[in-house]
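Structure file final_24.cif (mmCIF, C-alpha atoms) follows.
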data_final
loop_
_atom_site.label_atom_id
_atom_site.label_comp_id
_atom_site.auth_asym_id
_atom_site.auth_seq_id
_atom_site.Cartn_x
_atom_site.Cartn_y
_atom_site.Cartn_z
CA MET S 1 16.85 12.65 -15.29
CA LYS S 2 18.51 9.86 -13.41
CA ILE S 3 16.72 9.34 -10.13
CA VAL S 4 17.22 7.03 -7.20
CA ALA S 5 14.55 6.72 -4.55
CA VAL S 6 13.94 4.96 -1.26
CA CYS S 7 10.45 4.12 0.00
CA ALA S 8 9.70 3.08 3.57
CA CYS S 9 6.43 3.20 5.52
CA PRO S 10 5.57 2.34 9.14
CA THR S 11 4.10 -1.11 8.53
CA GLY S 12 6.39 -1.87 5.62
CA VAL S 13 3.78 -3.80 3.71
CA ALA S 14 1.51 -1.50 1.74
CA HIS S 15 2.75 2.03 1.05
CA THR S 16 6.40 1.03 0.67
CA TYR S 17 5.55 -1.10 -2.33
CA LEU S 18 2.75 1.10 -3.61
CA ALA S 19 5.10 4.07 -3.70
CA LYS S 20 7.81 2.05 -5.40
CA ARG S 21 5.47 0.90 -8.15
CA SER S 22 3.92 4.38 -8.51
CA LEU S 23 7.30 6.02 -8.97
CA GLU S 24 8.43 3.40 -11.47
CA LYS S 25 5.28 3.81 -13.54
CA ALA S 26 5.42 7.60 -13.49
CA ALA S 27 9.12 7.69 -14.36
CA GLU S 28 8.60 5.41 -17.30
CA LYS S 29 5.75 7.58 -18.55
CA LEU S 30 7.73 10.80 -18.19
CA GLY S 31 10.94 9.37 -19.62
CA HIS S 32 13.14 9.38 -16.53
CA GLN S 33 15.50 6.67 -15.41
CA ILE S 34 14.69 5.56 -11.91
CA LYS S 35 15.75 2.94 -9.43
CA VAL S 36 13.53 2.57 -6.41
CA GLU S 37 14.67 0.75 -3.31
CA ALA S 38 12.06 -0.63 -0.91
CA GLN S 39 12.84 -0.84 2.78
CA GLY S 40 9.85 -2.74 4.08
CA ALA S 41 8.86 -5.72 6.16
CA LEU S 42 11.01 -7.90 3.91
CA GLY S 43 14.15 -5.84 4.45
CA ILE S 44 15.98 -3.97 1.71
CA GLU S 45 14.91 -4.88 -1.80
CA ASN S 46 16.26 -3.58 -5.08
CA GLU S 47 19.14 -1.98 -3.21
CA ILE S 48 20.70 1.15 -4.68
CA THR S 49 24.44 0.79 -5.25
CA LEU S 50 27.03 3.48 -4.57
CA GLN S 51 27.65 3.75 -8.31
CA GLU S 52 23.95 4.39 -8.90
CA VAL S 53 24.00 7.09 -6.23
CA ARG S 54 27.00 8.71 -7.93
CA ASP S 55 25.25 8.68 -11.31
CA ALA S 56 21.95 10.03 -10.00
CA ASP S 57 20.85 13.65 -10.50
CA VAL S 58 18.59 13.52 -7.50
CA VAL S 59 17.63 11.32 -4.56
CA ILE S 60 13.97 11.01 -3.54
CA LEU S 61 13.29 9.90 0.01
CA ALA S 62 9.68 8.87 0.56
CA VAL S 63 10.25 7.58 4.05
CA GLU S 64 8.07 7.79 7.13
CA VAL S 65 10.44 5.81 9.33
CA GLY S 66 14.18 5.78 9.89
CA ILE S 67 15.98 4.02 7.06
CA ALA S 68 19.14 1.98 6.79
CA LYS S 69 22.18 3.13 4.82
CA ARG S 70 21.08 6.74 4.58
CA ASP S 71 24.72 7.87 4.54
CA ARG S 72 25.02 6.66 0.95
CA PHE S 73 23.28 9.84 -0.14
CA GLU S 74 25.48 12.33 1.65
CA GLY S 75 26.32 15.27 -0.60
CA LYS S 76 23.61 14.48 -3.15
CA PRO S 77 20.55 16.65 -3.75
CA ILE S 78 17.83 15.03 -1.65
CA VAL S 79 14.11 15.63 -1.95
CA ASN S 80 11.97 14.45 0.96
CA ILE S 81 8.36 13.72 0.05
CA PRO S 82 5.56 12.20 2.16
CA ILE S 83 5.02 8.66 0.95
CA GLN S 84 1.28 9.22 0.67
CA THR S 85 1.90 12.04 -1.81
CA VAL S 86 4.06 9.75 -3.89
CA VAL S 87 1.30 7.15 -4.00
CA LYS S 88 -1.42 9.67 -4.78
CA SER S 89 0.31 11.85 -7.36
CA PRO S 90 3.62 10.38 -8.54
CA GLU S 91 3.66 12.28 -11.81
CA THR S 92 3.18 15.64 -10.13
CA VAL S 93 6.02 14.79 -7.77
CA LEU S 94 8.39 13.97 -10.63
CA LYS S 95 7.38 17.01 -12.66
CA LYS S 96 8.07 19.33 -9.75
CA ILE S 97 11.48 17.77 -9.20
CA GLU S 98 12.21 18.08 -12.89
CA GLU S 99 11.35 21.78 -12.86
CA LYS S 100 13.54 22.36 -9.86
CA PHE S 101 16.59 20.46 -11.01
CA LEU S 102 16.62 20.99 -14.74
CA SER S 103 16.32 24.76 -14.38
CA ARG S 104 19.48 25.02 -12.27
CA MET E 1 -1.93 -21.94 7.25
CA LYS E 2 -4.85 -20.11 5.70
CA ASN E 3 -4.87 -18.48 2.27
CA VAL E 4 -4.29 -14.72 2.20
CA VAL E 5 -7.30 -14.05 -0.02
CA ALA E 6 -10.56 -15.98 0.28
CA GLU E 7 -14.07 -15.50 -1.02
CA GLU E 8 -15.45 -15.48 2.52
CA MET E 9 -13.51 -12.26 3.09
CA ILE E 10 -15.04 -10.36 0.17
CA PHE E 11 -18.19 -8.28 0.60
CA VAL E 12 -20.09 -6.16 -1.92
CA ASN E 13 -23.01 -3.74 -1.64
CA THR E 14 -22.58 -3.35 2.09
CA SER E 15 -24.05 -0.33 3.85
CA PHE E 16 -21.56 0.84 6.45
CA ASN E 17 -21.78 4.50 7.24
CA SER E 18 -18.75 5.11 9.39
CA GLN E 19 -15.12 4.17 9.61
CA LYS E 20 -15.81 2.77 13.07
CA ASP E 21 -18.50 0.36 11.83
CA LEU E 22 -16.21 -0.74 9.05
CA PHE E 23 -13.22 -1.38 11.30
CA GLU E 24 -15.38 -3.35 13.73
CA PHE E 25 -16.88 -5.43 10.95
CA ILE E 26 -13.45 -6.24 9.54
CA ALA E 27 -12.11 -7.22 12.94
CA ASP E 28 -15.23 -9.30 13.74
CA THR E 29 -14.97 -11.04 10.39
CA ALA E 30 -11.32 -11.89 10.96
CA PHE E 31 -12.14 -13.16 14.45
CA GLY E 32 -15.02 -15.28 13.14
CA LEU E 33 -12.67 -16.92 10.65
CA GLY E 34 -10.03 -17.60 13.27
CA ARG E 35 -7.60 -15.14 11.71
CA THR E 36 -7.19 -13.02 14.81
CA SER E 37 -7.43 -13.93 18.46
CA ASP E 38 -8.61 -10.48 19.54
CA VAL E 39 -11.07 -8.06 17.94
CA LYS E 40 -10.15 -4.96 19.91
CA SER E 41 -6.46 -5.01 19.11
CA VAL E 42 -7.24 -5.14 15.40
CA VAL E 43 -9.65 -2.20 15.61
CA ASP E 44 -7.11 -0.26 17.68
CA GLY E 45 -4.41 -1.17 15.18
CA PHE E 46 -6.41 0.29 12.30
CA TYR E 47 -6.96 3.55 14.19
CA HIS E 48 -3.32 3.75 15.19
CA ARG E 49 -2.20 3.30 11.60
CA GLU E 50 -4.69 5.90 10.26
CA GLY E 51 -3.30 8.24 12.90
CA GLU E 52 0.13 8.15 11.27
CA TYR E 53 -1.30 9.20 7.93
CA SER E 54 -4.49 8.32 6.10
CA THR E 55 -4.55 5.10 4.09
CA ALA E 56 -6.95 6.60 1.57
CA MET E 57 -5.65 6.49 -1.97
CA ASN E 58 -7.17 8.05 -5.07
CA ASP E 59 -10.62 7.25 -6.42
CA GLY E 60 -12.36 6.47 -3.14
CA ILE E 61 -10.10 3.56 -2.27
CA ALA E 62 -8.61 2.99 1.17
CA ILE E 63 -6.25 0.32 2.42
CA PRO E 64 -6.63 0.26 6.21
CA HIS E 65 -4.07 -2.07 7.69
CA CYS E 66 -2.52 -3.13 10.93
CA ARG E 67 0.14 -5.39 12.29
CA THR E 68 -0.42 -6.87 15.71
CA GLU E 69 0.45 -9.99 17.65
CA SER E 70 -3.19 -11.02 17.72
CA ILE E 71 -3.25 -11.53 13.94
CA LEU E 72 -2.74 -15.21 13.25
CA ASP E 73 -2.85 -15.29 9.44
CA ALA E 74 -2.07 -12.67 6.82
CA SER E 75 -5.45 -11.69 5.39
CA VAL E 76 -7.03 -9.34 2.88
CA ILE E 77 -10.62 -8.31 3.52
CA ILE E 78 -12.25 -6.61 0.56
CA ILE E 79 -15.36 -4.48 0.99
CA ARG E 80 -17.19 -2.50 -1.63
CA ASN E 81 -19.65 -0.32 0.20
CA SER E 82 -22.78 1.11 -1.44
CA GLU E 83 -22.13 4.61 -0.16
CA LYS E 84 -19.04 6.67 0.47
CA VAL E 85 -17.79 6.62 4.05
CA ILE E 86 -16.13 9.72 5.51
CA TRP E 87 -12.49 8.77 5.95
CA THR E 88 -10.80 12.02 6.86
CA GLU E 89 -11.78 15.68 6.73
CA ASP E 90 -11.26 15.73 2.97
CA GLU E 91 -11.43 12.09 1.93
CA GLU E 92 -14.41 9.78 1.34
CA CYS E 93 -14.04 6.14 0.38
CA ASP E 94 -16.26 3.28 -0.70
CA LEU E 95 -13.78 0.58 -1.71
CA PHE E 96 -11.68 -0.99 1.01
CA PHE E 97 -8.86 -3.46 0.88
CA ALA E 98 -8.01 -4.13 4.52
CA LEU E 99 -4.68 -5.83 5.16
CA LEU E 100 -4.11 -7.81 8.34
CA VAL E 101 -0.42 -8.40 8.91
CA PRO E 102 0.98 -10.88 11.44
CA GLU E 103 3.63 -9.46 13.74
CA SER E 104 6.04 -12.23 12.81
CA ASN E 105 7.92 -12.07 9.53
CA VAL E 106 8.29 -15.82 9.36
CA ASN E 107 6.02 -16.23 6.39
CA GLN E 108 7.68 -13.91 3.90
CA MET E 109 5.56 -15.18 1.05
CA HIS E 110 2.43 -13.97 2.79
CA ILE E 111 3.91 -10.52 3.32
CA ARG E 112 4.75 -10.44 -0.35
CA ILE E 113 1.21 -11.41 -1.30
CA LEU E 114 -0.19 -8.57 0.84
CA ALA E 115 2.14 -6.16 -0.93
CA GLN E 116 1.02 -7.46 -4.31
CA VAL E 117 -2.65 -7.10 -3.48
CA ALA E 118 -2.05 -3.47 -2.61
CA GLN E 119 -0.22 -2.90 -5.87
CA LEU E 120 -3.18 -4.24 -7.85
CA LEU E 121 -4.97 -1.07 -6.79
CA LEU E 122 -2.63 0.95 -9.01
CA GLU E 123 -4.06 -0.84 -12.05
CA ASP E 124 -7.06 1.11 -13.38
CA GLU E 125 -8.50 -1.92 -15.12
CA PHE E 126 -8.43 -4.01 -11.95
CA VAL E 127 -10.17 -1.29 -9.96
CA ALA E 128 -12.83 -0.86 -12.67
CA GLN E 129 -13.56 -4.59 -12.61
CA VAL E 130 -13.84 -4.66 -8.84
CA ARG E 131 -16.19 -1.70 -8.94
CA GLN E 132 -18.47 -3.38 -11.47
CA ALA E 133 -18.65 -6.67 -9.62
CA ASN E 134 -21.92 -7.57 -7.94
CA ASP E 135 -20.73 -10.87 -6.62
CA PRO E 136 -17.85 -11.71 -4.25
CA SER E 137 -16.97 -14.72 -6.38
CA TYR E 138 -16.25 -12.45 -9.32
CA ILE E 139 -13.80 -10.37 -7.27
CA PHE E 140 -12.28 -13.53 -5.86
CA ASP E 141 -11.59 -14.75 -9.41
CA LEU E 142 -9.62 -11.53 -10.01
CA VAL E 143 -7.36 -12.02 -6.99
CA LYS E 144 -7.24 -15.74 -6.25
CA GLU E 145 -4.11 -16.38 -8.29
CA LEU E 146 -2.17 -14.32 -5.78
CA ASN E 147 -2.57 -17.14 -3.25
CA THR E 148 -0.19 -19.24 -5.26
CA VAL E 149 2.30 -16.74 -6.67
CA LEU E 150 6.01 -16.96 -5.95
#
The structure in this file should be written as structure tokens.
Amino acid sequence: MKIVAVCACPTGVAHTYLAKRSLEKAAEKLGHQIKVEAQGALGIENEITLQEVRDADVVILAVEVGIAKRDRFEGKPIVNIPIQTVVKSPETVLKKIEEKFLSR
Amino acid sequence: MKNVVAEEMIFVNTSFNSQKDLFEFIADTAFGLGRTSDVKSVVDGFYHREGEYSTAMNDGIAIPHCRTESILDASVIIIRNSEKVIWTEDEECDLFFALLVPESNVNQMHIRILAQVAQLLLEDEFVAQVRQANDPSYIFDLVKELNTVL
């Protein structure tokens, strides 16, 4: 699958980046393409382009705060997941999404 | 400007038996080192952040953190407790990486270092080495390079 994801946590220092790295590692292991944008204390990093949104099968939002540029994802399938769940069990998260979207 | 990680902020084989004791120790330590101007606001900050959602990760690790105006220098305080401490109703932790974040974003490099320290906890080998260490200097050797990255 082609996945784009945004991670954002309240402090913007720990979970934002933990979730980003967790998703990247899990996607690599499970053979998915992923681009993860961090919206943290340092602003937007690794920003997802409109083309990447268009190409994506699914958008994961692991955000506990309001995020910038959310309108990019309008009309795309969006999965909202608590950021703590992404950090704790990234592979389970991706497997569930895979089941849901590949069976359609 | 103080380094983000320092050996004087690493503690092993401690015997805290509550989250409260731990938070107070971390805040006192930071105050003693001149890294915060106010103990209470740091303790309150930890509780406030845990209230949003628990900072416990897998494998008995927690990363309590807070961002307040009283924090003068970005700091990581590492504690490996002898016993598990009850963290939430269904989480117990014995390895703590506490992150103290200044309110100001001026020092972006320090914010980046804090983020990198947290990401080290996703590396199984790093966690195993920290767990085996009986000496703060050994843990410091594992993390000290982060002070100079970027």
With a cut-off of 9 Å and counting all atoms listed in the file, select all residues of chain E in contact with chain S and give the selection as a VMD selection string.
chain E and resid 49 52 to 58 63 65 to 67 99 101 105 108 111 to 112 114 to 119 121 to 122
Tell me, as a CSV table (one decimal) with C-alpha atoms, in the frame of the given file, which residues lie within 8 Å of Ser15 (chain E), counting all atoms listed in the file; anything in the same chain fewer than 3 positions away does not count.
chain,number,residue,atom,x,y,z
E,81,ASN,CA,-19.6,-0.3,0.2
E,82,SER,CA,-22.8,1.1,-1.4
E,83,GLU,CA,-22.1,4.6,-0.2
Just want the 6 Å neighbourhood of Ser70 (chain E), counted on all atoms listed in the file, with same-chain residues fewer than 6 positions away dropped. Output as a list in words.
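Here the answer would be Thr36, Ser37 and Asp38 of chain E.
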Do a neighbour search on Glu47 (chain S) at 12 Å with only C-alpha atoms, toss out local chain neighbours closer than 5 positions, and write the hits as a list in words.
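With the cut-off at 12 Å, the set is Val4, Ala5, Val6, Cys7, Lys35, Val36, Glu37, Ala38, Gln39, Gly40, Glu52, Val53, Ala68, Lys69, Arg70 and Arg72 of chain S.
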What is the distance between CA of Leu72 (chain E) and CA of Pro102 (chain E), in Å to one decimal?
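If I compute the distance from CA of Leu72 (chain E) to CA of Pro102 (chain E), I get 6.0 Å.
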Grab the CA of Val5 (chain E) to CA of Glu145 (chain E) distance for me, in Å with one decimal place.
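Calculated distance between CA of Val5 (chain E) and CA of Glu145 (chain E) is 9.2 Å.
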Would you kindly translate the PyMOL selection byres ((chain S and resi 27) around 10) into the concrete residues it picks from this file, as a list in words?
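In the shown coordinates, the PyMOL selection byres ((chain S and resi 27) around 10) covers Met1, Lys2, Ile3, Arg21, Ser22, Leu23, Glu24, Lys25, Ala26, Glu28, Lys29, Leu30, Gly31, His32, Gln33, Ile34, Lys35, Pro90, Glu91, Leu94 and Lys95 of chain S.
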Care to translate the PyMOL selection byres ((chain E and resi 87) around 12) into actual residues of this file, as an mmCIF file with C-alpha atoms, in the frame of the given file?
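What follows is the written file selection_16.cif:
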data_model
loop_
_atom_site.group_PDB
_atom_site.id
_atom_site.type_symbol
_atom_site.label_atom_id
_atom_site.label_comp_id
_atom_site.auth_asym_id
_atom_site.auth_seq_id
_atom_site.Cartn_x
_atom_site.Cartn_y
_atom_site.Cartn_z
ATOM 1 C CA ASN E 17 -21.780 4.500 7.240
ATOM 2 C CA SER E 18 -18.750 5.110 9.390
ATOM 3 C CA GLN E 19 -15.120 4.170 9.610
ATOM 4 C CA LYS E 20 -15.810 2.770 13.070
ATOM 5 C CA ASP E 21 -18.500 0.360 11.830
ATOM 6 C CA LEU E 22 -16.210 -0.740 9.050
ATOM 7 C CA PHE E 23 -13.220 -1.380 11.300
ATOM 8 C CA TYR E 47 -6.960 3.550 14.190
ATOM 9 C CA GLU E 50 -4.690 5.900 10.260
ATOM 10 C CA GLY E 51 -3.300 8.240 12.900
ATOM 11 C CA TYR E 53 -1.300 9.200 7.930
ATOM 12 C CA SER E 54 -4.490 8.320 6.100
ATOM 13 C CA THR E 55 -4.550 5.100 4.090
ATOM 14 C CA ALA E 56 -6.950 6.600 1.570
ATOM 15 C CA MET E 57 -5.650 6.490 -1.970
ATOM 16 C CA GLY E 60 -12.360 6.470 -3.140
ATOM 17 C CA ILE E 61 -10.100 3.560 -2.270
ATOM 18 C CA ALA E 62 -8.610 2.990 1.170
ATOM 19 C CA ILE E 63 -6.250 0.320 2.420
ATOM 20 C CA PRO E 64 -6.630 0.260 6.210
ATOM 21 C CA LYS E 84 -19.040 6.670 0.470
ATOM 22 C CA VAL E 85 -17.790 6.620 4.050
ATOM 23 C CA ILE E 86 -16.130 9.720 5.510
ATOM 24 C CA THR E 88 -10.800 12.020 6.860
ATOM 25 C CA GLU E 89 -11.780 15.680 6.730
ATOM 26 C CA ASP E 90 -11.260 15.730 2.970
ATOM 27 C CA GLU E 91 -11.430 12.090 1.930
ATOM 28 C CA GLU E 92 -14.410 9.780 1.340
ATOM 29 C CA CYS E 93 -14.040 6.140 0.380
ATOM 30 C CA ASP E 94 -16.260 3.280 -0.700
ATOM 31 C CA LEU E 95 -13.780 0.580 -1.710
ATOM 32 C CA PHE E 96 -11.680 -0.990 1.010
#
In Å, how far is it from CA of Ala74 (chain E) to CA of Leu100 (chain E)?
5.5 Å
When distances are computed from only C-alpha atoms, which of E:Val106, E:Ile26, E:Met1, E:Ile79 shows the smallest separation from Ala133 (chain E)?
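The shortest atom-to-atom distance to Ala133 (chain E) comes from E:Ile79.
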Listed atoms of region 53-60 of chain S boxed axis-aligned with 4 Å per side, centre + edges as lines of an AutoDock Vina configuration file:
center_x = 20.5
center_y = 10.4
center_z = -7.4
size_x = 21.0
size_y = 14.6
size_z = 15.8
Evaluate the PyMOL selection byres ((chain E and resi 6) around 9) and record the selected residues as a tab-separated table (two decimals) with C-alpha atoms, keeping the file's coordinate frame, following the chain and residue labels used in the document.
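Result went into selection.tsv, see below:
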chain	number	residue	atom	x	y	z
E	2	LYS	CA	-4.85	-20.11	5.70
E	3	ASN	CA	-4.87	-18.48	2.27
E	4	VAL	CA	-4.29	-14.72	2.20
E	5	VAL	CA	-7.30	-14.05	-0.02
E	7	GLU	CA	-14.07	-15.50	-1.02
E	8	GLU	CA	-15.45	-15.48	2.52
E	9	MET	CA	-13.51	-12.26	3.09
E	10	ILE	CA	-15.04	-10.36	0.17
E	75	SER	CA	-5.45	-11.69	5.39
E	76	VAL	CA	-7.03	-9.34	2.88
E	77	ILE	CA	-10.62	-8.31	3.52
E	140	PHE	CA	-12.28	-13.53	-5.86
E	143	VAL	CA	-7.36	-12.02	-6.99
E	144	LYS	CA	-7.24	-15.74	-6.25
E	147	ASN	CA	-2.57	-17.14	-3.25
Which one of E:Met109, E:Glu69, E:Arg80, E:Gly45 sits closest to Asn134 (chain E) if you count all atoms listed in the file?
E:Arg80
Using only C-alpha atoms, can you tell me which of E:Asp28, E:Asp73, E:Val39, E:Ile78 comes closest to Pro136 (chain E)?
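Result for the nearest residue to Pro136 (chain E): E:Ile78.
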